[in-house]
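Shown next: protein-v5.cif, containing mmCIF, C-alpha atoms.
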```cif
data_work
#
loop_
_atom_site.group_PDB
_atom_site.id
_atom_site.type_symbol
_atom_site.label_atom_id
_atom_site.label_comp_id
_atom_site.auth_asym_id
_atom_site.auth_seq_id
_atom_site.Cartn_x
_atom_site.Cartn_y
_atom_site.Cartn_z
ATOM 1 C CA MET H 1 2.263 81.940 128.280
ATOM 2 C CA SER H 2 3.208 81.293 124.728
ATOM 3 C CA GLY H 3 1.258 82.726 121.815
ATOM 4 C CA LYS H 4 0.354 79.207 120.685
ATOM 5 C CA ARG H 5 -3.240 78.174 121.310
ATOM 6 C CA ASN H 6 -4.047 74.796 122.728
ATOM 7 C CA PRO H 7 -6.262 72.796 120.388
ATOM 8 C CA PRO H 8 -9.835 72.522 121.595
ATOM 9 C CA ASN H 9 -10.655 69.394 123.522
ATOM 10 C CA ARG H 10 -12.450 67.576 120.708
ATOM 11 C CA GLN H 11 -13.963 64.150 120.547
ATOM 12 C CA ARG H 12 -12.341 63.826 117.090
ATOM 13 C CA PRO H 13 -8.982 65.621 117.141
ATOM 14 C CA ILE H 14 -7.731 64.479 113.695
ATOM 15 C CA GLN H 15 -8.718 66.565 110.690
ATOM 16 C CA VAL H 16 -8.997 64.973 107.235
ATOM 17 C CA LYS H 17 -9.059 67.178 104.137
ATOM 18 C CA PHE H 18 -9.764 66.531 100.475
ATOM 19 C CA PHE H 19 -10.556 68.614 97.441
ATOM 20 C CA VAL H 20 -13.586 68.597 95.147
ATOM 21 C CA ASP H 21 -14.658 70.674 92.164
ATOM 22 C CA GLU H 22 -17.887 72.686 92.017
ATOM 23 C CA LYS H 23 -19.848 69.897 90.340
ATOM 24 C CA GLU H 24 -18.771 67.343 92.968
ATOM 25 C CA LEU H 25 -19.625 69.754 95.797
ATOM 26 C CA ASP H 26 -23.034 70.286 94.244
ATOM 27 C CA LEU H 27 -23.613 66.512 94.121
ATOM 28 C CA ILE H 28 -22.554 66.137 97.763
ATOM 29 C CA LYS H 29 -24.963 68.892 98.797
ATOM 30 C CA GLN H 30 -27.791 67.292 96.795
ATOM 31 C CA LYS H 31 -27.217 63.935 98.464
ATOM 32 C CA MET H 32 -27.053 65.610 101.865
ATOM 33 C CA ALA H 33 -30.411 67.269 101.142
ATOM 34 C CA GLN H 34 -31.895 63.908 100.110
ATOM 35 C CA THR H 35 -30.903 62.437 103.461
ATOM 36 C CA GLY H 36 -32.005 65.517 105.408
ATOM 37 C CA THR H 37 -28.470 66.150 106.691
ATOM 38 C CA GLU H 38 -27.168 69.699 107.126
ATOM 39 C CA ASN H 39 -23.851 68.910 108.822
ATOM 40 C CA MET H 40 -21.346 68.174 106.048
ATOM 41 C CA SER H 41 -18.722 66.797 108.435
ATOM 42 C CA ALA H 42 -21.208 64.330 109.874
ATOM 43 C CA TYR H 43 -22.429 63.327 106.397
ATOM 44 C CA LEU H 44 -18.947 62.826 104.934
ATOM 45 C CA ARG H 45 -17.765 60.929 108.017
ATOM 46 C CA LYS H 46 -20.813 58.637 107.871
ATOM 47 C CA MET H 47 -20.348 57.983 104.141
ATOM 48 C CA ALA H 48 -16.596 57.358 104.511
ATOM 49 C CA ILE H 49 -17.146 54.862 107.317
ATOM 50 C CA ASP H 50 -20.484 53.225 106.503
ATOM 51 C CA GLY H 51 -21.047 54.086 102.854
ATOM 52 C CA TYR H 52 -20.147 51.745 100.061
ATOM 53 C CA VAL H 53 -19.390 51.894 96.378
ATOM 54 C CA VAL H 54 -21.241 49.537 94.087
ATOM 55 C CA ASN H 55 -19.005 48.318 91.293
ATOM 56 C CA LEU H 56 -21.154 46.247 88.984
ATOM 57 C CA ASP H 57 -19.115 43.837 86.934
ATOM 58 C CA MET H 58 -21.588 42.469 84.412
ATOM 59 C CA PRO H 59 -19.763 40.590 81.674
ATOM 60 C CA GLU H 60 -23.106 39.698 80.092
ATOM 61 C CA LEU H 61 -23.927 43.364 79.509
ATOM 62 C CA ARG H 62 -20.387 44.113 78.338
ATOM 63 C CA GLU H 63 -20.696 41.258 75.823
ATOM 64 C CA LEU H 64 -24.122 42.505 74.698
ATOM 65 C CA THR H 65 -22.782 46.040 74.229
ATOM 66 C CA SER H 66 -19.872 44.747 72.163
ATOM 67 C CA LYS H 67 -22.224 42.640 70.038
ATOM 68 C CA MET H 68 -24.525 45.621 69.482
ATOM 69 C CA LYS H 69 -21.566 47.742 68.297
ATOM 70 C CA ARG H 70 -20.526 45.047 65.801
ATOM 71 C CA ILE H 71 -24.108 44.706 64.564
ATOM 72 C CA SER H 72 -24.452 48.466 64.217
ATOM 73 C CA ASN H 73 -21.263 48.634 62.141
ATOM 74 C CA SER H 74 -22.479 45.791 59.934
ATOM 75 C CA GLU H 75 -25.856 47.430 59.380
ATOM 76 C CA ASN H 76 -24.194 50.772 58.596
ATOM 77 C CA GLN H 77 -22.167 49.028 55.880
ATOM 78 C CA ILE H 78 -25.362 47.506 54.465
ATOM 79 C CA ALA H 79 -27.046 50.947 54.473
ATOM 80 C CA LYS H 80 -24.015 52.482 52.760
ATOM 81 C CA GLN H 81 -24.130 49.756 50.079
ATOM 82 C CA LEU H 82 -27.873 50.360 49.597
ATOM 83 C CA ASN H 83 -27.360 54.102 49.254
ATOM 84 C CA THR H 84 -24.488 53.613 46.812
ATOM 85 C CA SER H 85 -25.939 50.915 44.560
ATOM 86 C CA GLY H 86 -29.636 51.200 45.258
ATOM 87 C CA ASN H 87 -29.727 47.435 45.769
ATOM 88 C CA ILE H 88 -30.183 45.342 48.853
ATOM 89 C CA TYR H 89 -29.723 41.627 48.805
ATOM 90 C CA GLU H 90 -31.680 38.886 50.529
ATOM 91 C CA ALA H 91 -28.492 37.940 52.406
ATOM 92 C CA ASP H 92 -28.303 41.490 53.803
ATOM 93 C CA ILE H 93 -31.901 41.324 55.024
ATOM 94 C CA GLU H 94 -31.214 37.924 56.595
ATOM 95 C CA GLU H 95 -28.124 39.334 58.327
ATOM 96 C CA ILE H 96 -30.179 42.197 59.769
ATOM 97 C CA LYS H 97 -32.820 39.736 61.011
ATOM 98 C CA LYS H 98 -30.120 37.514 62.543
ATOM 99 C CA ASN H 99 -28.520 40.538 64.227
ATOM 100 C CA GLN H 100 -31.841 41.674 65.662
ATOM 101 C CA GLU H 101 -32.465 38.184 67.028
ATOM 102 C CA GLU H 102 -29.025 38.182 68.682
ATOM 103 C CA ILE H 103 -29.779 41.519 70.346
ATOM 104 C CA TYR H 104 -33.184 40.293 71.488
ATOM 105 C CA GLU H 105 -31.709 37.078 72.940
ATOM 106 C CA GLY H 106 -28.944 39.035 74.685
ATOM 107 C CA ILE H 107 -31.436 41.430 76.248
ATOM 108 C CA LYS H 108 -33.725 38.583 77.252
ATOM 109 C CA LYS H 109 -30.784 36.758 78.895
ATOM 110 C CA SER H 110 -29.698 39.937 80.703
ATOM 111 C CA CYS H 111 -33.212 40.592 82.018
ATOM 112 C CA VAL H 112 -33.331 37.097 83.496
ATOM 113 C CA LEU H 113 -30.010 37.707 85.236
ATOM 114 C CA PHE H 114 -30.842 41.282 86.268
ATOM 115 C CA PRO H 115 -34.649 41.603 86.469
ATOM 116 C CA ILE H 116 -36.015 45.077 86.067
#
```

Would you put the structure from the file into structure tokens?
Amino acid sequence: MSGKRNPPNRQRPIQVKFFVDEKELDLIKQKMAQTGTENMSAYLRKMAIDGYVVNLDMPELRELTSKMKRISNSENQIAKQLNTSGNIYEADIEEIKKNQEEIYEGIKKSCVLFPI
């Protein structure tokens, strides 16, 4: 007889390996606990075969985020002008009101598309 062992007669003879860091392992263990699963092989196999990744592509929210960044920059410039000169103009106040209305409308539109 050779010194080589015969592999055990397994239902699943192919081993798959991958690496994770400590944080990822912690998350896997937390999710296993949430599902009441103690067998990591069974959990990972089930997730790899039946699990799914949700990739939300929401251009409306991306557009709203971009608009909010532009508005924030504009309002920061108005605040800087106010702090420098001590003056704020009616046009600046109107711009802030207009910006707030745009944000409100964007949020309202998003909530209709993606109700909470």

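Our summary of the geometry notes that CA of Met58 in chain H is positioned 24.7 Å from CA of Ser74 in chain H.
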
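What separates CA of Gly106 in chain H from CA of Asn73 in chain H is a distance of 17.6 Å.
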
- Just say which residues the PyMOL selection byres ((chain H and resi 40-52) around 12) picks in this file, as a ChimeraX atom specification. /H:12,15-18,25,28-39,53-55

Residue subset to file, keeping C-alpha atoms, as an mmCIF file, keeping the file's coordinate frame:
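The result, stored in out-v4.cif:
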```
data_model
loop_
_atom_site.group_PDB
_atom_site.id
_atom_site.type_symbol
_atom_site.label_atom_id
_atom_site.label_comp_id
_atom_site.auth_asym_id
_atom_site.auth_seq_id
_atom_site.Cartn_x
_atom_site.Cartn_y
_atom_site.Cartn_z
ATOM 1 C CA ARG H 12 -12.341 63.826 117.090
ATOM 2 C CA GLN H 15 -8.718 66.565 110.690
ATOM 3 C CA VAL H 16 -8.997 64.973 107.235
ATOM 4 C CA LYS H 17 -9.059 67.178 104.137
ATOM 5 C CA PHE H 18 -9.764 66.531 100.475
ATOM 6 C CA LEU H 25 -19.625 69.754 95.797
ATOM 7 C CA ILE H 28 -22.554 66.137 97.763
ATOM 8 C CA LYS H 29 -24.963 68.892 98.797
ATOM 9 C CA GLN H 30 -27.791 67.292 96.795
ATOM 10 C CA LYS H 31 -27.217 63.935 98.464
ATOM 11 C CA MET H 32 -27.053 65.610 101.865
ATOM 12 C CA ALA H 33 -30.411 67.269 101.142
ATOM 13 C CA GLN H 34 -31.895 63.908 100.110
ATOM 14 C CA THR H 35 -30.903 62.437 103.461
ATOM 15 C CA GLY H 36 -32.005 65.517 105.408
ATOM 16 C CA THR H 37 -28.470 66.150 106.691
ATOM 17 C CA GLU H 38 -27.168 69.699 107.126
ATOM 18 C CA ASN H 39 -23.851 68.910 108.822
ATOM 19 C CA VAL H 53 -19.390 51.894 96.378
ATOM 20 C CA VAL H 54 -21.241 49.537 94.087
ATOM 21 C CA ASN H 55 -19.005 48.318 91.293
#
```

- Query: How many Å separate CA of Thr65 in chain H from CA of Tyr104 in chain H?
  - Reply: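 These atoms are spaced 12.2 Å apart.
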
Check which residues satisfy the PyMOL selection byres ((chain H and resi 99) around 12) in the file shown, then give them as a PDB file with C-alpha atoms, in the frame of the given file.
```
ATOM      1  CA  LEU H  64     -24.122  42.505  74.698  1.00  0.00           C
ATOM      2  CA  LYS H  67     -22.224  42.640  70.038  1.00  0.00           C
ATOM      3  CA  MET H  68     -24.525  45.621  69.482  1.00  0.00           C
ATOM      4  CA  LYS H  69     -21.566  47.742  68.297  1.00  0.00           C
ATOM      5  CA  ARG H  70     -20.526  45.047  65.801  1.00  0.00           C
ATOM      6  CA  ILE H  71     -24.108  44.706  64.564  1.00  0.00           C
ATOM      7  CA  SER H  72     -24.452  48.466  64.217  1.00  0.00           C
ATOM      8  CA  ASN H  73     -21.263  48.634  62.141  1.00  0.00           C
ATOM      9  CA  SER H  74     -22.479  45.791  59.934  1.00  0.00           C
ATOM     10  CA  GLU H  75     -25.856  47.430  59.380  1.00  0.00           C
ATOM     11  CA  ASP H  92     -28.303  41.490  53.803  1.00  0.00           C
ATOM     12  CA  ILE H  93     -31.901  41.324  55.024  1.00  0.00           C
ATOM     13  CA  GLU H  94     -31.214  37.924  56.595  1.00  0.00           C
ATOM     14  CA  GLU H  95     -28.124  39.334  58.327  1.00  0.00           C
ATOM     15  CA  ILE H  96     -30.179  42.197  59.769  1.00  0.00           C
ATOM     16  CA  LYS H  97     -32.820  39.736  61.011  1.00  0.00           C
ATOM     17  CA  LYS H  98     -30.120  37.514  62.543  1.00  0.00           C
ATOM     18  CA  GLN H 100     -31.841  41.674  65.662  1.00  0.00           C
ATOM     19  CA  GLU H 101     -32.465  38.184  67.028  1.00  0.00           C
ATOM     20  CA  GLU H 102     -29.025  38.182  68.682  1.00  0.00           C
ATOM     21  CA  ILE H 103     -29.779  41.519  70.346  1.00  0.00           C
ATOM     22  CA  TYR H 104     -33.184  40.293  71.488  1.00  0.00           C
ATOM     23  CA  GLU H 105     -31.709  37.078  72.940  1.00  0.00           C
ATOM     24  CA  GLY H 106     -28.944  39.035  74.685  1.00  0.00           C
TER      25      GLY H 106
END
```

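Proximity of H:Ile14, H:Ile107, H:Ile88, H:Ala79 to Leu61 in chain H, computed with all atoms listed in the file, is greatest for H:Ile107.
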
Given 8 Å on each side, where is the centre and what are the edge lengths in Å to one decimal of the axis-aligned box enclosing the listed atoms of range 30-42 of chain H, as lines of an AutoDock Vina configuration file?
```
center_x = -25.4
center_y = 66.1
center_z = 103.3
size_x = 29.3
size_y = 23.3
size_z = 29.1
```
